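Structure data (mmCIF, C-alpha atoms, pLDDT in the B column; chains and numbers go by the auth columns) from work-v9.cif:
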```cif
data_input
loop_
_atom_site.group_PDB
_atom_site.id
_atom_site.type_symbol
_atom_site.label_atom_id
_atom_site.label_comp_id
_atom_site.label_asym_id
_atom_site.label_seq_id
_atom_site.Cartn_x
_atom_site.Cartn_y
_atom_site.Cartn_z
_atom_site.B_iso_or_equiv
_atom_site.auth_seq_id
_atom_site.auth_asym_id
ATOM 1 C CA MET A 1 100.326 96.688 78.515 91.00 1 U
ATOM 2 C CA THR A 2 101.178 100.216 77.436 93.00 2 U
ATOM 3 C CA VAL A 3 100.142 99.732 73.817 94.00 3 U
ATOM 4 C CA THR A 4 97.014 97.661 74.561 95.00 4 U
ATOM 5 C CA HIS A 5 94.102 98.045 76.951 94.00 5 U
ATOM 6 C CA TYR A 6 95.036 94.841 78.758 96.00 6 U
ATOM 7 C CA SER A 7 96.058 94.805 82.415 96.00 7 U
ATOM 8 C CA TRP A 8 99.416 93.599 83.648 96.00 8 U
ATOM 9 C CA GLU A 9 97.818 90.311 84.780 96.00 9 U
ATOM 10 C CA GLU A 10 96.336 89.746 81.330 96.00 10 U
ATOM 11 C CA CYS A 11 99.642 90.564 79.650 96.00 11 U
ATOM 12 C CA LEU A 12 101.415 88.105 81.933 95.00 12 U
ATOM 13 C CA SER A 13 98.878 85.428 81.002 95.00 13 U
ATOM 14 C CA ALA A 14 99.473 86.179 77.311 95.00 14 U
ATOM 15 C CA VAL A 15 103.207 85.670 77.817 95.00 15 U
ATOM 16 C CA LYS A 16 102.535 82.414 79.684 94.00 16 U
ATOM 17 C CA ALA A 17 100.618 81.131 76.646 94.00 17 U
ATOM 18 C CA VAL A 18 103.951 80.769 74.838 94.00 18 U
ATOM 19 C CA ARG A 19 106.378 80.691 77.796 95.00 19 U
ATOM 20 C CA SER A 20 104.663 78.673 80.511 91.00 20 U
ATOM 21 C CA PHE A 21 107.611 78.865 82.886 92.00 21 U
ATOM 22 C CA VAL A 22 107.439 82.656 83.247 93.00 22 U
ATOM 23 C CA GLY A 23 106.916 83.749 86.837 94.00 23 U
ATOM 24 C CA PRO A 24 108.018 87.263 87.771 95.00 24 U
ATOM 25 C CA ASN A 25 108.885 87.744 91.407 95.00 25 U
ATOM 26 C CA TYR A 26 106.542 89.540 93.782 96.00 26 U
ATOM 27 C CA GLY A 27 108.499 92.814 93.697 96.00 27 U
ATOM 28 C CA PHE A 28 108.305 93.045 89.918 96.00 28 U
ATOM 29 C CA GLN A 29 104.590 92.239 90.008 96.00 29 U
ATOM 30 C CA GLN A 30 104.108 95.108 92.458 97.00 30 U
ATOM 31 C CA GLN A 31 106.002 97.442 90.107 97.00 31 U
ATOM 32 C CA LEU A 32 103.794 96.398 87.190 96.00 32 U
ATOM 33 C CA GLU A 33 100.660 96.991 89.250 97.00 33 U
ATOM 34 C CA GLU A 34 101.912 100.394 90.394 97.00 34 U
ATOM 35 C CA TYR A 35 102.788 101.366 86.807 97.00 35 U
ATOM 36 C CA GLN A 36 99.313 100.290 85.677 96.00 36 U
ATOM 37 C CA ASN A 37 97.600 102.242 88.456 97.00 37 U
ATOM 38 C CA THR A 38 99.661 105.421 88.192 97.00 38 U
ATOM 39 C CA THR A 39 101.337 106.147 84.864 96.00 39 U
ATOM 40 C CA VAL A 40 100.299 103.754 82.088 96.00 40 U
ATOM 41 C CA SER A 41 97.513 106.036 80.824 95.00 41 U
ATOM 42 C CA GLU A 42 99.949 108.955 80.678 96.00 42 U
ATOM 43 C CA TYR A 43 102.394 106.918 78.582 95.00 43 U
ATOM 44 C CA ARG A 44 99.598 105.688 76.316 94.00 44 U
ATOM 45 C CA THR A 45 98.557 109.262 75.636 95.00 45 U
ATOM 46 C CA TRP A 46 102.157 110.303 75.022 96.00 46 U
ATOM 47 C CA LEU A 47 102.705 107.443 72.555 94.00 47 U
ATOM 48 C CA GLN A 48 99.501 108.259 70.671 93.00 48 U
ATOM 49 C CA THR A 49 100.305 111.976 70.378 95.00 49 U
ATOM 50 C CA SER A 50 104.017 111.587 69.650 96.00 50 U
ATOM 51 C CA PHE A 51 104.021 108.792 67.079 95.00 51 U
ATOM 52 C CA ARG A 52 102.037 107.583 64.115 93.00 52 U
ATOM 53 C CA PRO A 53 99.670 104.659 64.667 91.00 53 U
ATOM 54 C CA SER A 54 101.508 101.379 65.027 91.00 54 U
ATOM 55 C CA PRO A 55 101.479 99.079 62.001 92.00 55 U
ATOM 56 C CA PHE A 56 101.393 96.118 64.397 94.00 56 U
ATOM 57 C CA ASN A 57 98.221 94.460 65.641 94.00 57 U
ATOM 58 C CA ASP A 58 99.265 94.265 69.293 95.00 58 U
ATOM 59 C CA GLN A 59 95.724 94.398 70.659 95.00 59 U
ATOM 60 C CA GLU A 60 94.565 91.494 68.501 96.00 60 U
ATOM 61 C CA GLN A 61 97.721 89.451 69.055 96.00 61 U
ATOM 62 C CA VAL A 62 97.531 89.754 72.826 96.00 62 U
ATOM 63 C CA GLY A 63 93.841 88.860 72.653 96.00 63 U
ATOM 64 C CA ALA A 64 94.669 85.733 70.653 95.00 64 U
ATOM 65 C CA LEU A 65 97.348 84.759 73.183 96.00 65 U
ATOM 66 C CA LEU A 66 94.881 85.261 76.027 96.00 66 U
ATOM 67 C CA SER A 67 92.420 82.955 74.278 95.00 67 U
ATOM 68 C CA GLN A 68 95.186 80.394 73.808 95.00 68 U
ATOM 69 C CA TYR A 69 96.182 80.653 77.484 95.00 69 U
ATOM 70 C CA THR A 70 92.563 80.251 78.617 94.00 70 U
ATOM 71 C CA GLU A 71 92.182 77.179 76.434 94.00 71 U
ATOM 72 C CA GLN A 72 95.408 75.716 77.813 93.00 72 U
ATOM 73 C CA GLN A 73 94.189 76.249 81.369 92.00 73 U
ATOM 74 C CA GLU A 74 90.793 74.688 80.661 92.00 74 U
ATOM 75 C CA THR A 75 92.195 71.624 78.920 91.00 75 U
ATOM 76 C CA GLY A 76 95.178 71.177 81.197 84.00 76 U
ATOM 77 C CA GLY A 77 97.330 71.511 78.097 67.00 77 U
ATOM 78 C CA GLY A 78 100.179 73.820 77.449 56.00 78 U
ATOM 79 C CA ARG A 79 103.805 73.022 77.713 53.00 79 U
ATOM 80 C CA ARG A 80 105.205 70.840 80.399 49.00 80 U
ATOM 81 C CA ASP A 81 107.188 72.340 83.169 45.00 81 U
ATOM 82 C CA ARG A 82 110.727 72.153 81.812 41.00 82 U
ATOM 83 C CA TRP A 83 112.180 71.073 85.151 40.00 83 U
ATOM 84 C CA ARG A 84 110.080 67.905 85.083 39.00 84 U
ATOM 85 C CA LEU A 85 111.792 66.871 81.874 38.00 85 U
ATOM 86 C CA TYR A 86 115.026 66.240 83.757 39.00 86 U
ATOM 87 C CA SER A 87 114.293 63.328 86.068 40.00 87 U
ATOM 88 C CA ALA A 88 116.838 61.888 88.470 45.00 88 U
ATOM 89 C CA ALA A 89 117.438 59.006 86.044 45.00 89 U
ATOM 90 C CA SER A 90 118.140 61.326 83.151 42.00 90 U
ATOM 91 C CA PRO A 91 121.750 61.709 82.018 45.00 91 U
ATOM 92 C CA LEU A 92 121.017 65.431 81.720 46.00 92 U
ATOM 93 C CA SER A 93 120.032 65.793 85.358 43.00 93 U
ATOM 94 C CA VAL A 94 122.139 67.826 87.744 45.00 94 U
ATOM 95 C CA ARG A 95 124.872 65.739 89.343 46.00 95 U
ATOM 96 C CA PRO A 96 126.753 66.338 92.574 49.00 96 U
ATOM 97 C CA ARG A 97 130.085 68.159 92.194 49.00 97 U
ATOM 98 C CA ALA A 98 132.084 65.028 92.996 51.00 98 U
ATOM 99 C CA ALA A 99 130.405 63.133 90.181 50.00 99 U
ATOM 100 C CA VAL A 100 131.008 65.968 87.746 50.00 100 U
ATOM 101 C CA ALA A 101 134.679 66.207 88.686 52.00 101 U
ATOM 102 C CA THR A 102 135.210 62.539 87.849 48.00 102 U
ATOM 103 C CA LEU A 103 133.666 62.705 84.398 49.00 103 U
#
```
So, in terms of structure tokens, how does the structure I just supplied come out?
Amino acid sequence: MTVTHYSWEECLSAVKAVRSFVGPNYGFQQQLEEYQNTTVSEYRTWLQTSFRPSPFNDQEQVGALLSQYTEQQETGGGRRDRWRLYSAASPLSVRPRAAVATL
């Protein structure tokens, strides 16, 4: 978000394109929004004046991830929720303490 023109919501969506289970808590989301509304432009200016241009293509890469995320949302694709992979019948599912102690 600091090195691109994307908002914190867009950056979160870009992360979700490759890590669908990401879900920052409400307090952290508020901090991101406050940072965006108060100091991100100051840090962007500082980075641009203090360092050489980045050799990375962050703007384009985040844009590509946003496109991927949008496509996933439209098609219902993306990765499955990892918690659904462990059904009650699965040997990898969480077992009660008593059952674990007897193994």
Near range 4-8 of chain U, 12 Å: range 59-80 of chain U residue rows, closest pairs, all atoms listed in the file, as CSV:
```
residue,atom,partner,partner_atom,distance
U:Gln59,CA,U:Thr4,CA,5.2
U:Glu60,CA,U:Thr4,CA,9.0
U:Gln61,CA,U:Thr4,CA,9.9
U:Val62,CA,U:Thr4,CA,8.1
U:Gly63,CA,U:Tyr6,CA,8.6
U:Leu65,CA,U:Tyr6,CA,11.8
U:Leu66,CA,U:Tyr6,CA,10.0
```
Of U:Gln36, U:Gln31, U:Thr45, U:Thr75, the one sitting nearest Glu10 in chain U when using all atoms listed in the file is U:Gln36
Can you work out the spacing between CA of Val18 in chain U and CA of Gln73 in chain U in Å, to one decimal? 12.6 Å
Take CA of Tyr69 in chain U and CA of Ser13 in chain U and report the distance between them in Å, one decimal. 6.5 Å
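The space separating CA of Thr39 in chain U from CA of Phe21 in chain U comes to 28.1 Å.
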Give me range 60-76 of chain U with N, CA, C and O atoms filled in, as an mmCIF file, keeping the file's coordinate frame.
```cif
data_model
loop_
_atom_site.group_PDB
_atom_site.id
_atom_site.type_symbol
_atom_site.label_atom_id
_atom_site.label_comp_id
_atom_site.auth_asym_id
_atom_site.auth_seq_id
_atom_site.Cartn_x
_atom_site.Cartn_y
_atom_site.Cartn_z
ATOM 1 N N GLU U 60 95.114 92.761 68.979
ATOM 2 C CA GLU U 60 94.565 91.494 68.501
ATOM 3 C C GLU U 60 95.479 90.326 68.849
ATOM 4 O O GLU U 60 95.012 89.238 69.209
ATOM 5 N N GLN U 61 96.786 90.535 68.756
ATOM 6 C CA GLN U 61 97.721 89.451 69.055
ATOM 7 C C GLN U 61 97.689 89.070 70.528
ATOM 8 O O GLN U 61 97.716 87.888 70.868
ATOM 9 N N VAL U 62 97.620 90.057 71.399
ATOM 10 C CA VAL U 62 97.531 89.754 72.826
ATOM 11 C C VAL U 62 96.204 89.062 73.125
ATOM 12 O O VAL U 62 96.146 88.107 73.904
ATOM 13 N N GLY U 63 95.144 89.515 72.479
ATOM 14 C CA GLY U 63 93.841 88.860 72.653
ATOM 15 C C GLY U 63 93.879 87.402 72.237
ATOM 16 O O GLY U 63 93.328 86.526 72.912
ATOM 17 N N ALA U 64 94.543 87.116 71.119
ATOM 18 C CA ALA U 64 94.669 85.733 70.653
ATOM 19 C C ALA U 64 95.484 84.900 71.642
ATOM 20 O O ALA U 64 95.146 83.738 71.921
ATOM 21 N N LEU U 65 96.539 85.475 72.191
ATOM 22 C CA LEU U 65 97.348 84.759 73.183
ATOM 23 C C LEU U 65 96.557 84.506 74.459
ATOM 24 O O LEU U 65 96.680 83.445 75.080
ATOM 25 N N LEU U 66 95.722 85.462 74.848
ATOM 26 C CA LEU U 66 94.881 85.261 76.027
ATOM 27 C C LEU U 66 93.888 84.120 75.803
ATOM 28 O O LEU U 66 93.649 83.308 76.697
ATOM 29 N N SER U 67 93.322 84.060 74.605
ATOM 30 C CA SER U 67 92.420 82.955 74.278
ATOM 31 C C SER U 67 93.158 81.627 74.327
ATOM 32 O O SER U 67 92.650 80.628 74.851
ATOM 33 N N GLN U 68 94.366 81.613 73.793
ATOM 34 C CA GLN U 68 95.186 80.394 73.808
ATOM 35 C C GLN U 68 95.493 79.985 75.242
ATOM 36 O O GLN U 68 95.397 78.806 75.595
ATOM 37 N N TYR U 69 95.853 80.947 76.084
ATOM 38 C CA TYR U 69 96.182 80.653 77.484
ATOM 39 C C TYR U 69 94.957 80.102 78.216
ATOM 40 O O TYR U 69 95.052 79.117 78.949
ATOM 41 N N THR U 70 93.797 80.716 77.987
ATOM 42 C CA THR U 70 92.563 80.251 78.617
ATOM 43 C C THR U 70 92.251 78.818 78.205
ATOM 44 O O THR U 70 91.913 77.980 79.038
ATOM 45 N N GLU U 71 92.413 78.535 76.924
ATOM 46 C CA GLU U 71 92.182 77.179 76.434
ATOM 47 C C GLU U 71 93.159 76.192 77.069
ATOM 48 O O GLU U 71 92.774 75.091 77.474
ATOM 49 N N GLN U 72 94.410 76.583 77.185
ATOM 50 C CA GLN U 72 95.408 75.716 77.813
ATOM 51 C C GLN U 72 95.040 75.417 79.263
ATOM 52 O O GLN U 72 95.180 74.289 79.730
ATOM 53 N N GLN U 73 94.560 76.435 79.965
ATOM 54 C CA GLN U 73 94.189 76.249 81.369
ATOM 55 C C GLN U 73 92.973 75.339 81.501
ATOM 56 O O GLN U 73 92.901 74.520 82.406
ATOM 57 N N GLU U 74 92.010 75.495 80.599
ATOM 58 C CA GLU U 74 90.793 74.688 80.661
ATOM 59 C C GLU U 74 91.038 73.231 80.307
ATOM 60 O O GLU U 74 90.416 72.343 80.861
ATOM 61 N N THR U 75 91.942 72.993 79.362
ATOM 62 C CA THR U 75 92.195 71.624 78.920
ATOM 63 C C THR U 75 93.342 70.965 79.664
ATOM 64 O O THR U 75 93.609 69.781 79.455
ATOM 65 N N GLY U 76 94.027 71.733 80.498
ATOM 66 C CA GLY U 76 95.178 71.177 81.197
ATOM 67 C C GLY U 76 96.361 71.010 80.270
ATOM 68 O O GLY U 76 97.322 70.341 80.583
#
```
